[in-house]
$ cat start_7.cif   # mmCIF, C-alpha atoms
data_structure
loop_
_atom_site.label_atom_id
_atom_site.label_comp_id
_atom_site.auth_asym_id
_atom_site.auth_seq_id
_atom_site.Cartn_x
_atom_site.Cartn_y
_atom_site.Cartn_z
CA MET A 1 -42.14 36.93 -4.90
CA SER A 2 -38.97 38.12 -3.22
CA THR A 3 -39.33 41.05 -0.88
CA ASP A 4 -38.52 44.50 -2.25
CA THR A 5 -39.71 46.65 0.64
CA VAL A 6 -39.87 46.14 4.38
CA LEU A 7 -42.22 48.43 6.27
CA VAL A 8 -41.00 48.37 9.85
CA THR A 9 -42.32 50.18 12.90
CA GLU A 10 -40.07 52.71 14.60
CA SER A 11 -39.83 50.62 17.76
CA VAL A 12 -37.84 47.83 16.06
CA ALA A 13 -36.36 49.56 13.00
CA LYS A 14 -32.82 50.07 14.34
CA GLU A 15 -32.61 46.50 15.60
CA LEU A 16 -33.81 45.12 12.26
CA SER A 17 -31.34 47.21 10.25
CA ALA A 18 -28.47 46.16 12.51
CA LYS A 19 -29.35 42.46 12.18
CA LEU A 20 -29.68 42.68 8.40
CA ALA A 21 -26.31 44.46 8.18
CA LEU A 22 -24.72 41.59 10.10
CA MET A 23 -26.29 39.05 7.74
CA LEU A 24 -25.36 40.84 4.50
CA PRO A 25 -21.79 39.44 4.32
CA LEU A 26 -23.27 35.93 4.55
CA VAL A 27 -25.43 36.33 1.43
CA SER A 28 -24.56 33.76 -1.21
CA ALA A 29 -23.09 34.94 -4.48
CA ASP A 30 -25.85 32.91 -6.15
CA VAL A 31 -28.39 35.66 -5.40
CA SER A 32 -26.09 38.39 -6.71
CA HIS A 33 -26.75 37.93 -10.40
CA VAL A 34 -29.39 39.40 -12.67
CA VAL A 35 -30.64 38.21 -16.03
CA THR A 36 -29.17 40.88 -18.33
CA GLU A 37 -26.87 43.88 -18.36
CA LYS A 38 -29.97 46.03 -18.88
CA SER A 39 -31.37 44.67 -15.60
CA ARG A 40 -28.10 45.45 -13.85
CA ALA A 41 -28.09 49.01 -15.23
CA ARG A 42 -31.69 49.49 -14.07
CA LEU A 43 -30.78 48.36 -10.55
CA GLN A 44 -27.77 50.66 -10.54
CA GLU A 45 -30.04 53.59 -11.49
CA LEU A 46 -32.43 52.72 -8.64
CA LEU A 47 -29.48 52.52 -6.25
CA LEU A 48 -27.99 55.87 -7.33
CA ASP A 49 -31.40 57.54 -7.07
CA ALA A 50 -31.93 56.10 -3.58
CA GLU A 51 -28.50 57.27 -2.47
CA SER A 52 -29.05 60.78 -3.85
CA ASN A 53 -32.36 60.92 -1.97
CA GLY A 54 -30.85 60.11 1.42
CA GLY A 55 -30.84 56.32 1.42
CA LYS A 56 -28.22 54.57 3.51
CA ILE A 57 -26.71 51.90 1.28
CA MET A 58 -25.37 48.59 2.60
CA ARG A 59 -23.97 46.05 0.13
CA ALA A 60 -22.59 42.56 0.18
CA GLN A 61 -19.08 42.13 -1.15
CA PRO A 62 -18.89 42.33 -4.94
CA THR A 63 -18.94 38.90 -6.48
CA ASP A 64 -17.02 37.68 -9.51
CA GLY A 65 -17.19 40.86 -11.59
CA GLN A 66 -19.31 39.29 -14.32
CA GLU A 67 -21.65 41.56 -16.26
CA SER A 68 -24.63 39.96 -14.54
CA SER A 69 -23.21 40.57 -11.07
CA PHE A 70 -25.05 42.91 -8.70
CA PRO A 71 -24.21 42.46 -5.01
CA ALA A 72 -27.10 42.03 -2.58
CA THR A 73 -28.02 45.55 -1.50
CA ILE A 74 -30.03 47.09 1.31
CA VAL A 75 -31.43 50.60 1.01
CA ASP A 76 -32.03 51.73 4.59
CA ALA A 77 -34.00 54.90 5.34
CA MET A 78 -36.10 54.46 2.19
CA THR A 79 -38.42 57.39 1.45
CA PRO A 80 -41.30 58.02 -0.97
CA SER A 81 -39.04 60.35 -2.99
CA MET A 82 -36.98 57.38 -4.18
CA ASP A 83 -37.83 55.61 -7.43
CA PHE A 84 -37.24 52.31 -5.63
CA ALA A 85 -40.22 53.08 -3.39
CA HIS A 86 -42.56 52.86 -6.39
CA VAL A 87 -41.24 50.10 -8.65
CA GLU A 88 -40.35 46.44 -8.36
CA SER A 89 -36.59 45.95 -8.55
CA PHE A 90 -36.48 42.37 -9.90
CA GLY A 91 -33.03 42.14 -8.36
CA PRO A 92 -31.17 41.55 -5.09
CA MET A 93 -32.28 44.83 -3.48
CA LEU A 94 -34.21 45.37 -0.28
CA GLY A 95 -35.58 48.69 0.92
CA ILE A 96 -36.31 49.42 4.57
CA ARG A 97 -38.93 52.08 5.23
CA VAL A 98 -39.74 53.10 8.78
CA VAL A 99 -43.40 53.69 9.64
CA LYS A 100 -45.08 54.98 12.75
CA ASP A 101 -47.58 52.14 13.09
CA GLU A 102 -49.68 49.51 11.30
CA ALA A 103 -52.11 52.12 9.99
CA GLU A 104 -49.32 53.95 8.16
CA ALA A 105 -48.01 50.66 6.77
CA LEU A 106 -51.48 49.79 5.41
CA GLN A 107 -51.81 53.27 3.90
CA ILE A 108 -48.48 52.89 2.07
CA MET A 109 -49.46 49.43 0.84
CA SER A 110 -52.83 50.67 -0.42
CA GLN A 111 -51.07 53.28 -2.58
CA SER A 112 -48.96 50.67 -4.34
CA PRO A 113 -50.13 49.31 -7.69
CA TYR A 114 -48.51 45.96 -6.79
CA GLY A 115 -49.90 43.20 -4.61
CA LEU A 116 -48.44 39.75 -5.17
CA SER A 117 -47.26 38.66 -1.75
CA ALA A 118 -46.70 40.10 1.71
CA ALA A 119 -45.32 38.89 5.01
CA ILE A 120 -46.10 39.99 8.54
CA PHE A 121 -43.72 39.26 11.40
CA SER A 122 -45.29 39.59 14.82
CA ARG A 123 -45.31 37.98 18.23
CA ASN A 124 -49.11 38.26 18.17
CA TYR A 125 -50.34 35.80 15.55
CA PHE A 126 -54.02 36.76 15.91
CA ARG A 127 -53.21 40.43 15.40
CA ALA A 128 -51.13 39.53 12.34
CA LEU A 129 -54.10 37.60 10.90
CA GLN A 130 -56.35 40.62 11.40
CA LEU A 131 -53.82 42.89 9.70
CA GLY A 132 -53.39 40.43 6.84
CA ARG A 133 -57.11 40.52 6.08
CA LYS A 134 -56.81 44.26 5.40
CA MET A 135 -54.06 43.86 2.80
CA LYS A 136 -54.81 43.83 -0.91
CA VAL A 137 -52.32 41.16 -1.92
CA GLY A 138 -52.52 37.68 -3.37
CA ALA A 139 -50.93 35.99 -0.35
CA VAL A 140 -50.06 36.97 3.19
CA HIS A 141 -47.43 34.95 5.04
CA ILE A 142 -47.26 35.23 8.81
CA ASN A 143 -43.84 34.87 10.39
CA GLY A 144 -42.50 33.46 7.14
CA ALA A 145 -40.89 34.62 3.90
CA THR A 146 -42.84 36.01 0.96
CA VAL A 147 -41.28 33.38 -1.27
CA HIS A 148 -43.61 30.49 -0.64
CA ASP A 149 -46.01 28.71 -2.94
CA ALA A 150 -47.79 25.50 -2.02
CA PRO A 151 -49.65 23.52 -4.71
CA ASN A 152 -52.72 23.13 -2.50
CA LEU A 153 -53.15 26.89 -2.01
CA PRO A 154 -54.36 29.56 -4.42
CA HIS A 155 -51.65 31.76 -5.84
CA GLY A 156 -51.91 35.03 -7.71
CA GLY A 157 -51.70 38.76 -7.24
CA HIS A 158 -53.71 41.94 -7.15
CA GLY A 159 -53.31 45.09 -9.20
CA ASP A 160 -50.27 45.17 -11.46
CA SER A 161 -48.98 41.97 -9.87
CA GLY A 162 -51.17 39.60 -11.77
CA PHE A 163 -54.59 38.41 -12.70
CA GLY A 164 -56.48 35.41 -11.42
CA ARG A 165 -55.39 32.46 -9.35
CA PHE A 166 -53.68 29.18 -9.94
CA GLY A 167 -53.04 26.22 -7.68
CA ALA A 168 -55.47 23.64 -6.23
CA HIS A 169 -59.15 23.98 -7.13
CA TRP A 170 -58.92 27.81 -7.35
CA GLY A 171 -56.81 27.51 -10.46
CA LEU A 172 -59.33 25.16 -12.04
CA LEU A 173 -62.16 27.56 -11.20
CA GLU A 174 -60.34 30.36 -13.03
CA PHE A 175 -60.50 28.26 -16.19
CA VAL A 176 -63.99 26.81 -15.96
CA GLN A 177 -65.77 29.94 -14.78
CA THR A 178 -64.59 32.09 -17.66
CA LYS A 179 -66.90 32.66 -20.57
CA THR A 180 -66.00 30.72 -23.67
CA ILE A 181 -67.30 31.69 -27.05
CA ILE A 182 -67.21 29.04 -29.75
CA ILE A 183 -67.68 30.15 -33.29
CA ASN A 184 -68.67 27.53 -35.82
CA GLU A 185 -67.48 28.37 -39.26
#
$ encode --input "start_7.cif" --output "structure tokens"
Amino acid sequence: MSTDTVLVTESVAKELSAKLALMLPLVSADVSHVVTEKSRARLQELLLDAESNGGKIMRAQPTDGQESSFPATIVDAMTPSMDFAHVESFGPMLGIRVVKDEAEALQIMSQSPYGLSAAIFSRNYFRALQLGRKMKVGAVHINGATVHDAPNLPHGGHGDSGFGRFGAHWGLLEFVQTKTIIINE
């Protein structure tokens, strides 16, 4: 459920990028590892493609040099021409894509086959709730990280990000409302 892409309005994009750049050196080496060398190679391909398509790359300091090491990376100025704009990275990469307004952000989100979790950061909580209702995702977090799962809330995704719900009574309903066929032999 970690965030791959940040859609940020033009009015705050430069400030956000600057603050993230300042935080990048503070990123723990613990988040700079991937499961396999194949995962690392895939991330490197996404990074090279983003760079060749105009992305501004910011990286944390390389870690210990192990095969599984991949420093936390930010791809600023992300565009639709980048492969990273269309796939989940499953690694310590974050893309920043500038949008004109909320309508453009919703349009971009609606074109994505993924929909596990989203976060909205806003000073206007009511407006954020209204925007969240328009998103086709499993969970919307307001002024909080996408990585959150509470046992008393339903959890699951839309599209290619999952099927069904689990957690609390919603998870139970997924099991008991399905059709069961019993064949007596």
$ closest_residue --input "start_7.cif" --among "A:Arg42, A:Ser11, A:Met58, A:Glu51" --to "Pro25 of chain A" --atoms "all atoms listed in the file"
A:Met58
$ residues_around --input "start_7.cif" --residues "segment 26-37 of chain A" --least-positions-apart "5" --cutoff "6 Å" --atoms "all atoms listed in the file" --output "list in words"
Ser68, Ser69, Phe70, Pro71 and Ala72 of chain A
$ atom_distance --input "start_7.cif" --atom1 "atom CA of Val137 of chain A" --atom2 "atom CA of Ala118 of chain A"
6.8 Å
$ residues_around --input "start_7.cif" --residues "Ala103 of chain A" --least-positions-apart "3" --cutoff "12 Å" --atoms "all atoms listed in the file" --output "ChimeraX atom specification"
/A:7-9,99-100,106-110,131,134-135
$ resolve_selection --input "start_7.cif" --expression "the PyMOL selection byres ((chain A and resi 4) around 6)" --output "mmCIF file with C-alpha atoms, keeping the file's coordinate frame"
data_model
loop_
_atom_site.group_PDB
_atom_site.id
_atom_site.type_symbol
_atom_site.label_atom_id
_atom_site.label_comp_id
_atom_site.auth_asym_id
_atom_site.auth_seq_id
_atom_site.Cartn_x
_atom_site.Cartn_y
_atom_site.Cartn_z
ATOM 1 C CA THR A 3 -39.330 41.050 -0.880
ATOM 2 C CA THR A 5 -39.710 46.650 0.640
ATOM 3 C CA LEU A 94 -34.210 45.370 -0.280
#
$ atom_distance --input "start_7.cif" --atom1 "atom CA of Pro92 of chain A" --atom2 "atom CA of Ala128 of chain A"
26.6 Å
$ resolve_selection --input "start_7.cif" --expression "the PyMOL selection byres ((chain A and resi 122) around 12)" --output "PyMOL selection string"
chain A and resi 8-9+12+102+119-121+123-132+141-144
$ atom_distance --input "start_7.cif" --atom1 "atom CA of Gln61 of chain A" --atom2 "atom CA of Met93 of chain A"
13.7 Å
$ closest_residue --input "start_7.cif" --among "A:Ala139, A:Leu16, A:Met82, A:Leu43" --to "Leu116 of chain A" --atoms "all atoms listed in the file"
A:Ala139
$ axis_aligned_box --input "start_7.cif" --around "segment 125-132 of chain A" --padding-each-side "8 Å" --output "lines of an AutoDock Vina configuration file"
center_x = -53.3
center_y = 39.3
center_z = 11.4
size_x = 22.0
size_y = 23.1
size_z = 25.1
$ closest_residue --input "start_7.cif" --among "A:Asp160, A:Glu10, A:Asp49, A:Glu15" --to "Ser81 of chain A" --atoms "all atoms listed in the file"
A:Asp49
$ residues_around --input "start_7.cif" --residues "Ser161 of chain A" --least-positions-apart "4" --cutoff "7 Å" --atoms "all atoms listed in the file" --output "VMD selection string"
chain A and resid 114 to 116 157
$ residues_around --input "start_7.cif" --residues "Ser2 of chain A" --least-positions-apart "5" --cutoff "9 Å" --atoms "only C-alpha atoms" --output "short mmCIF file (atom, residue, chain, number, x, y, z; two decimals) with C-alpha atoms, in the frame of the given file"
data_model
loop_
_atom_site.label_atom_id
_atom_site.label_comp_id
_atom_site.auth_asym_id
_atom_site.auth_seq_id
_atom_site.Cartn_x
_atom_site.Cartn_y
_atom_site.Cartn_z
CA PHE A 90 -36.48 42.37 -9.90
CA GLY A 91 -33.03 42.14 -8.36
CA PRO A 92 -31.17 41.55 -5.09
CA SER A 117 -47.26 38.66 -1.75
CA ALA A 145 -40.89 34.62 3.90
CA THR A 146 -42.84 36.01 0.96
CA VAL A 147 -41.28 33.38 -1.27
#
$ residues_around --input "start_7.cif" --residues "Lys56 of chain A" --least-positions-apart "2" --cutoff "10 Å" --atoms "only C-alpha atoms" --output "VMD selection string"
chain A and resid 50 to 54 58 74 to 78 95 to 96
$ write_last_selection --input "start_7.cif" --atoms "C-alpha atoms" --output "mmCIF file, in the frame of the given file"
data_model
loop_
_atom_site.group_PDB
_atom_site.id
_atom_site.type_symbol
_atom_site.label_atom_id
_atom_site.label_comp_id
_atom_site.auth_asym_id
_atom_site.auth_seq_id
_atom_site.Cartn_x
_atom_site.Cartn_y
_atom_site.Cartn_z
ATOM 1 C CA ALA A 50 -31.930 56.100 -3.580
ATOM 2 C CA GLU A 51 -28.500 57.270 -2.470
ATOM 3 C CA SER A 52 -29.050 60.780 -3.850
ATOM 4 C CA ASN A 53 -32.360 60.920 -1.970
ATOM 5 C CA GLY A 54 -30.850 60.110 1.420
ATOM 6 C CA MET A 58 -25.370 48.590 2.600
ATOM 7 C CA ILE A 74 -30.030 47.090 1.310
ATOM 8 C CA VAL A 75 -31.430 50.600 1.010
ATOM 9 C CA ASP A 76 -32.030 51.730 4.590
ATOM 10 C CA ALA A 77 -34.000 54.900 5.340
ATOM 11 C CA MET A 78 -36.100 54.460 2.190
ATOM 12 C CA GLY A 95 -35.580 48.690 0.920
ATOM 13 C CA ILE A 96 -36.310 49.420 4.570
#
